[in-house]
file protein_36.cif (mmCIF, C-alpha atoms)
data_final
#
loop_
_atom_site.label_atom_id
_atom_site.label_comp_id
_atom_site.auth_asym_id
_atom_site.auth_seq_id
_atom_site.Cartn_x
_atom_site.Cartn_y
_atom_site.Cartn_z
CA MET A 1 -27.56 23.17 -27.42
CA TYR A 2 -25.68 21.87 -24.39
CA ASP A 3 -26.09 18.24 -23.35
CA ILE A 4 -25.22 17.79 -19.67
CA ASP A 5 -25.71 15.12 -17.02
CA LEU A 6 -29.05 15.29 -15.20
CA PHE A 7 -27.67 14.15 -11.84
CA ASP A 8 -24.27 15.84 -11.83
CA ASN A 9 -25.47 19.38 -12.56
CA SER A 10 -27.53 21.70 -10.40
CA ALA A 11 -30.54 23.79 -11.34
CA ALA A 12 -28.26 26.81 -11.01
CA THR A 13 -25.92 25.41 -13.68
CA VAL A 14 -28.86 24.78 -16.00
CA GLN A 15 -30.19 28.28 -15.53
CA ALA A 16 -26.76 29.88 -15.95
CA LEU A 17 -26.40 28.18 -19.33
CA GLN A 18 -29.89 29.24 -20.36
CA ALA A 19 -29.07 32.82 -19.40
CA LYS A 20 -26.31 32.66 -22.00
CA GLY A 21 -28.77 31.57 -24.66
CA ARG A 22 -28.08 27.84 -24.45
CA VAL A 23 -30.75 25.17 -24.83
CA VAL A 24 -30.02 22.66 -22.06
CA ILE A 25 -30.60 18.95 -22.59
CA CYS A 26 -30.23 16.71 -19.54
CA TYR A 27 -28.77 13.23 -19.98
CA PHE A 28 -29.77 10.12 -18.07
CA SER A 29 -29.62 6.42 -18.79
CA ALA A 30 -33.10 5.04 -19.35
CA GLY A 31 -32.03 1.51 -20.17
CA SER A 32 -29.43 0.73 -17.52
CA ARG A 33 -28.91 0.88 -13.77
CA GLU A 34 -25.76 2.79 -12.83
CA ASP A 35 -24.78 1.80 -9.32
CA TRP A 36 -23.38 5.24 -8.48
CA ARG A 37 -26.59 7.16 -9.08
CA SER A 38 -28.52 8.53 -6.12
CA ASP A 39 -31.62 6.52 -7.01
CA ALA A 40 -29.81 3.22 -7.71
CA GLY A 41 -31.29 1.67 -4.54
CA GLN A 42 -34.81 2.15 -5.85
CA PHE A 43 -34.38 -0.57 -8.47
CA GLN A 44 -35.49 -4.03 -7.45
CA LYS A 45 -33.11 -6.94 -8.02
CA SER A 46 -35.48 -8.28 -10.66
CA ASP A 47 -35.22 -4.98 -12.56
CA TYR A 48 -31.62 -5.34 -13.67
CA GLY A 49 -29.76 -8.08 -15.46
CA LYS A 50 -26.43 -8.44 -17.25
CA ALA A 51 -23.61 -5.90 -17.22
CA LEU A 52 -22.97 -3.55 -20.10
CA ASP A 53 -19.71 -4.32 -21.87
CA ASN A 54 -16.87 -2.02 -20.79
CA TRP A 55 -19.04 0.00 -18.39
CA PRO A 56 -18.25 -1.08 -14.79
CA GLY A 57 -21.14 -0.73 -12.37
CA GLU A 58 -23.75 -0.54 -15.11
CA THR A 59 -26.35 -3.24 -15.81
CA TRP A 60 -29.20 -3.53 -18.31
CA LEU A 61 -32.76 -2.89 -17.15
CA ASP A 62 -35.95 -4.81 -17.80
CA VAL A 63 -37.85 -2.04 -19.58
CA ARG A 64 -41.12 -3.93 -19.11
CA SER A 65 -40.96 -3.34 -15.34
CA ALA A 66 -43.50 -0.94 -13.83
CA ASN A 67 -40.95 -0.05 -11.16
CA VAL A 68 -38.35 0.88 -13.77
CA ARG A 69 -40.88 3.09 -15.48
CA ASN A 70 -41.80 4.83 -12.24
CA ILE A 71 -38.12 5.58 -11.60
CA MET A 72 -37.85 7.08 -15.08
CA LYS A 73 -40.90 9.24 -14.42
CA ALA A 74 -39.17 10.51 -11.28
CA ARG A 75 -36.06 11.30 -13.33
CA LEU A 76 -38.16 13.27 -15.78
CA ASP A 77 -39.70 15.12 -12.83
CA LEU A 78 -36.16 15.95 -11.70
CA ALA A 79 -35.43 17.36 -15.16
CA VAL A 80 -38.46 19.59 -14.80
CA GLN A 81 -37.37 20.68 -11.32
CA LYS A 82 -33.95 21.65 -12.69
CA LYS A 83 -35.67 23.45 -15.59
CA CYS A 84 -33.98 21.41 -18.31
CA ASP A 85 -35.31 22.20 -21.79
CA GLY A 86 -35.22 18.56 -22.82
CA VAL A 87 -33.80 15.14 -22.07
CA GLU A 88 -31.54 12.57 -23.68
CA PRO A 89 -32.50 9.07 -22.49
CA ASP A 90 -29.59 6.72 -23.20
CA ASN A 91 -29.35 2.95 -23.75
CA VAL A 92 -32.76 2.67 -25.37
CA ASP A 93 -31.73 -0.30 -27.52
CA GLY A 94 -31.62 -3.08 -24.94
CA TYR A 95 -33.64 -5.44 -27.12
CA SER A 96 -30.69 -5.74 -29.50
CA ASN A 97 -28.21 -6.48 -26.69
CA ASP A 98 -27.60 -9.36 -24.29
CA THR A 99 -29.51 -7.90 -21.36
CA GLY A 100 -30.44 -11.08 -19.52
CA PHE A 101 -34.11 -10.43 -20.33
CA PRO A 102 -36.19 -11.76 -23.25
CA LEU A 103 -36.81 -8.30 -24.69
CA ASN A 104 -38.07 -7.97 -28.24
CA LYS A 105 -38.60 -5.12 -30.68
CA ASN A 106 -42.15 -4.48 -29.51
CA ASP A 107 -41.00 -4.25 -25.89
CA GLN A 108 -38.45 -1.64 -26.89
CA LEU A 109 -40.87 0.35 -29.03
CA ASP A 110 -43.38 0.42 -26.21
CA TYR A 111 -40.77 1.65 -23.73
CA ASN A 112 -39.29 4.26 -26.02
CA LYS A 113 -42.74 5.63 -26.84
CA PHE A 114 -43.45 5.70 -23.09
CA LEU A 115 -40.32 7.83 -22.56
CA ALA A 116 -41.33 10.22 -25.34
CA GLN A 117 -44.90 10.53 -24.08
CA GLU A 118 -43.88 11.14 -20.48
CA SER A 119 -41.30 13.73 -21.57
CA HIS A 120 -43.83 15.61 -23.67
CA ALA A 121 -46.39 15.47 -20.86
CA ARG A 122 -43.89 17.46 -18.79
CA GLY A 123 -43.11 19.99 -21.51
CA LEU A 124 -39.69 18.49 -22.23
CA SER A 125 -38.26 17.85 -25.66
CA VAL A 126 -36.79 14.37 -26.06
CA GLY A 127 -34.17 12.94 -28.38
CA LEU A 128 -33.69 9.45 -29.76
CA LYS A 129 -30.18 8.32 -28.83
CA ASN A 130 -28.47 6.02 -31.38
CA ASN A 131 -30.90 3.06 -31.90
CA VAL A 132 -30.85 3.57 -35.66
CA GLU A 133 -32.73 0.32 -36.26
CA LEU A 134 -35.94 1.86 -34.89
CA VAL A 135 -35.75 5.33 -36.45
CA GLY A 136 -38.59 4.64 -38.88
CA ASP A 137 -40.88 3.56 -36.04
CA LEU A 138 -39.96 6.35 -33.65
CA VAL A 139 -39.24 9.48 -35.68
CA ALA A 140 -42.83 10.69 -35.19
CA HIS A 141 -42.52 10.37 -31.41
CA PHE A 142 -39.13 12.06 -30.82
CA ASP A 143 -38.18 15.69 -31.40
CA TRP A 144 -34.60 15.21 -32.53
CA ALA A 145 -31.93 12.53 -32.79
CA LEU A 146 -28.50 12.23 -31.25
CA ASN A 147 -26.05 9.79 -32.76
CA GLU A 148 -22.55 8.69 -31.84
CA GLU A 149 -20.18 7.35 -34.48
CA CYS A 150 -22.66 6.73 -37.31
CA LEU A 151 -19.84 7.30 -39.82
CA SER A 152 -17.68 4.71 -38.12
CA PHE A 153 -20.54 2.21 -38.41
CA SER A 154 -21.68 3.34 -41.91
CA GLU A 155 -25.21 4.02 -40.71
CA CYS A 156 -25.71 7.78 -40.99
CA LYS A 157 -28.25 7.45 -43.80
CA THR A 158 -30.62 5.71 -41.39
CA LEU A 159 -31.17 9.09 -39.68
CA THR A 160 -32.48 10.77 -42.83
CA PRO A 161 -36.14 10.43 -41.69
CA PHE A 162 -35.43 12.99 -38.96
CA LEU A 163 -34.16 15.49 -41.51
CA ASN A 164 -37.11 14.76 -43.78
CA ALA A 165 -39.39 15.58 -40.84
CA ASN A 166 -37.52 18.87 -40.28
CA LYS A 167 -36.08 17.54 -37.02
CA ALA A 168 -32.47 18.07 -35.97
CA VAL A 169 -29.81 15.37 -36.01
CA PHE A 170 -26.97 15.98 -33.56
CA HIS A 171 -23.95 13.84 -34.38
CA VAL A 172 -20.56 13.21 -32.81
CA GLU A 173 -17.49 11.29 -33.95
CA TYR A 174 -14.70 10.59 -31.47
CA VAL A 175 -10.92 10.74 -31.46
CA ASP A 176 -8.58 9.33 -28.82
CA LYS A 177 -6.82 12.66 -28.28
CA SER A 178 -7.36 16.22 -29.41
CA SER A 179 -4.13 16.26 -31.43
CA GLN A 180 -5.86 13.91 -33.88
CA GLY A 181 -8.80 16.26 -34.24
CA ALA A 182 -7.86 18.24 -37.35
CA ALA A 183 -7.35 15.14 -39.48
CA LYS A 184 -10.58 13.62 -38.19
CA GLN A 185 -12.44 16.86 -38.83
CA THR A 186 -11.34 16.86 -42.47
CA SER A 187 -12.43 13.28 -43.10
CA VAL A 188 -15.73 13.65 -41.25
CA CYS A 189 -16.86 16.99 -42.54
CA LYS A 190 -16.35 16.12 -46.22
CA ASP A 191 -18.57 13.04 -45.95
CA THR A 192 -21.85 13.74 -47.76
CA SER A 193 -23.80 11.22 -45.66
CA ILE A 194 -23.89 13.70 -42.77
CA GLN A 195 -25.20 16.61 -44.81
CA GLY A 196 -27.76 18.45 -42.70
CA PHE A 197 -26.43 17.11 -39.40
CA SER A 198 -25.03 19.24 -36.57
CA THR A 199 -21.67 17.49 -36.15
CA LEU A 200 -18.95 17.68 -33.51
CA ILE A 201 -15.58 15.96 -33.16
CA LYS A 202 -14.84 15.16 -29.51
CA THR A 203 -12.52 13.01 -27.43
CA TRP A 204 -13.84 9.97 -25.61
CA ASP A 205 -13.27 11.78 -22.30
CA LEU A 206 -16.11 14.19 -23.16
CA ASP A 207 -14.22 17.18 -21.84
CA ALA A 208 -14.74 20.71 -23.16
CA TRP A 209 -12.60 20.24 -26.29
CA ARG A 210 -14.46 19.96 -29.58
CA LEU A 211 -14.29 20.74 -33.26
CA ALA A 212 -17.29 21.39 -35.49
CA CYS A 213 -17.94 21.07 -39.18
CA PRO A 214 -18.08 24.46 -40.93
#

call {"tool": "encode", "arguments": {"input": "protein_36.cif", "output": "structure tokens"}}
result
Amino acid sequence: MYDIDLFDNSAATVQALQAKGRVVICYFSAGSREDWRSDAGQFQKSDYGKALDNWPGETWLDVRSANVRNIMKARLDLAVQKKCDGVEPDNVDGYSNDTGFPLNKNDQLDYNKFLAQESHARGLSVGLKNNVELVGDLVAHFDWALNEECLSFSECKTLTPFLNANKAVFHVEYVDKSSQGAAKQTSVCKDTSIQGFSTLIKTWDLDAWRLACP
């Protein structure tokens, strides 16, 4: 499985990967407005609130907004046009962050289920990104999970419901530079809490370098 950016890759890139036997998942942020995206101007001022920490140009979205949801439908349509096999909607945990909106758990569950339903309606698989607090409520609606740094936060066991449902858990732990990779690989891969996961070690730059657990 290759996870690539929905906007930054062409249909030709997607199809070239698929021709090599890759399953192509297309990433987009479903919970934030990124001011560099081609559709950033379609958000209304009332749709976006506070900035995400350490992510310049990115602000949280009001996931209750009908306009936000229409933009996400258009993004899913773009994934279909590019022939992506599935999608990875990011930042689907706004309710547990300081977004500038009075979002609660039910708001988030409703939005995340909306994303899953609209993905499936288009024949796309859809993964639950991080958001471990809502795994129990959402495992039936999502096809797989993708988690970053669950070992670092001691929360990998929260993803067990996906394994119990015979659904894949894709997992990544990060290092600052590739020279630290071998040591990180040893410590990560021996941890029994990730048994059954598909795990990679990558740098924060998300370049081509990676190590996998045997």

call {"tool": "resolve_selection", "arguments": {"input": "protein_36.cif", "expression": "the PyMOL selection byres ((chain A and resi 154-168) around 12)", "output": "ChimeraX atom specification"}}
result
/A:1,125-153,169-173,188,191-199

call {"tool": "residues_around", "arguments": {"input": "protein_36.cif", "residues": "Ser65 (chain A)", "least_positions_apart": "6", "cutoff": "12 Å", "atoms": "all atoms listed in the file", "output": "number ranges by chain"}}
result
A: 31, 43-48, 71-72, 101, 103, 107-108, 110-111

call {"tool": "resolve_selection", "arguments": {"input": "protein_36.cif", "expression": "the PyMOL selection byres ((chain A and resi 23) around 7)", "output": "tab-separated table (two decimals) with C-alpha atoms, in the coordinates of the input"}}
result
chain	number	residue	atom	x	y	z
A	1	MET	CA	-27.56	23.17	-27.42
A	2	TYR	CA	-25.68	21.87	-24.39
A	18	GLN	CA	-29.89	29.24	-20.36
A	21	GLY	CA	-28.77	31.57	-24.66
A	22	ARG	CA	-28.08	27.84	-24.45
A	24	VAL	CA	-30.02	22.66	-22.06
A	25	ILE	CA	-30.60	18.95	-22.59
A	85	ASP	CA	-35.31	22.20	-21.79

call {"tool": "residues_around", "arguments": {"input": "protein_36.cif", "residues": "Gln180 (chain A)", "least_positions_apart": "3", "cutoff": "12 Å", "atoms": "all atoms listed in the file", "output": "number ranges by chain"}}
result
A: 173-177, 183-187, 201-203, 209-211

call {"tool": "atom_distance", "arguments": {"input": "protein_36.cif", "atom1": "CA of Arg122 (chain A)", "atom2": "CA of Leu76 (chain A)"}}
result
7.7 Å

call {"tool": "resolve_selection", "arguments": {"input": "protein_36.cif", "expression": "the PyMOL selection byres ((chain A and resi 52) around 10)", "output": "PyMOL selection string"}}
result
chain A and resi 32-33+49-51+53-60+91+94+97-99
